[in-house]
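All remarks here apply to the structure that follows.
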Amino acid sequence: MDSEHVILGVISFTPCSGYDMKAEFEKGGAGMLSALSFGSIYPRLKQLEQNGLIEVQQAESEGRRRKVYELTAQGWQDLAQWLEQPSDSPPPMRDELLLKMIFWGPAGQERTTLLEHLQARRREIQQMLHELRAWQKNGRSFIDEYAELVFSYGESRLEAELAWLAKAIPQLEGPERPPLQDPNDLASTQKARRTRALEHQSNEASTPSEQSQE
């Protein structure tokens, strides 16, 4: 994702300061969809200004003047060109917790720990869904029909994850199931390899070295 164009997009809402952008990336819609950090905003603002895409203006706010950034004609044109470009589809399941679950069986980890992870994820998703729904009725945020569709997508994704968690948690609270497929008998060989390596480490730790015997 092009971070410079994300910044141009944020400014397209309204002229804003670096602090305003920080708030947007922490709590606003841009932060929901982009991982741009606050520390990277100012260097990019400087570069965008040097490239003639934004300009500094003075604005009044509660009787005080402050510096805000506004798009130039070139900035509006550059943003429009970016929007017209086709977007790559993101990997649908790039999620560290799901990746860990793939390796949970081979590593022989306790199911109780994974249950704790999933229960924590459920609480997080429930909170996110609550905030997303409240956001659309807060009376402050700018939400046009395009943003409304983005919120609808977000709700659908979160609801789908809660539905999956409603199945996954009870399954892991029950007895361990055999592999759905294991044509090469990996489940037993994984356990044997793991046990052999850990026993070897334990034997090495309990056997005095030749140097210590001297």
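The way I read the labels, and the way they are meant: chains A, B, ... in the order of the structure tokens, residue 1 as the first residue of every chain, and ligand 1 as the first ligand shown, with later ones counted on from there.
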
**Q.** DSSP-assigned alpha helix (DSSP H) members of stretch 48-213 of chain A, reported as a ChimeraX atom specification
**A.** /A:48-50,73-84,96-107,111-135,145-173,186-206,210-213

Q: Please identify all polymer residues within 10 Å of A:Leu132, counting only C-alpha atoms, omitting same-chain residues fewer than 2 positions from it, and present them as a VMD selection string.
A: chain A and resid 29 32 126 to 130 134 to 137 151 to 152 154 to 155 158

Q: Compare A:His200, A:Gln47, A:Asp2, A:Phe13 by their minimum atom-to-atom distance to A:Asp144, counting only C-alpha atoms, and give me the closest one.
A: A:Phe13

Q. Skipping near chain neighbours, those fewer than 6 positions away, what residues fall within 10 Å of A:Gln57 using only C-alpha atoms, listed as a list in words?
A. Pro15, Cys16, Ser17, Arg65, Arg66, Lys67, Val68, Tyr69 and Glu70 of chain A

Q: Figure out the distance between atom CA of A:Ala107 and atom CA of A:Ala192, please, to one decimal in Å.
A: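 Going from atom CA of A:Ala192 over to atom CA of A:Ala107 covers 11.2 Å.
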
Q) Hey, what's within 12 Å of A:Glu49 if we count only C-alpha atoms and toss same-chain stuff fewer than 5 positions away? As a list of chain:residue names, please? A)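 What passes the distance filter is A:Glu4, A:Ile7, A:Leu8, A:Tyr42, A:Pro43, A:Arg44, A:Ile54, A:Glu55, A:Val56, A:Gln57, A:Val68, A:Tyr69, A:Glu70, A:Leu71, A:Thr72, A:Gln74, A:Gly75.
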
Q. Between atom CA of A:Trp76 and atom CA of A:His5, what is the distance, to one decimal in Å?
A. 10.3 Å

Q) Just how far from atom CA of A:Leu165 is atom CA of A:Pro91, in Å to one decimal? A) 20.1 Å
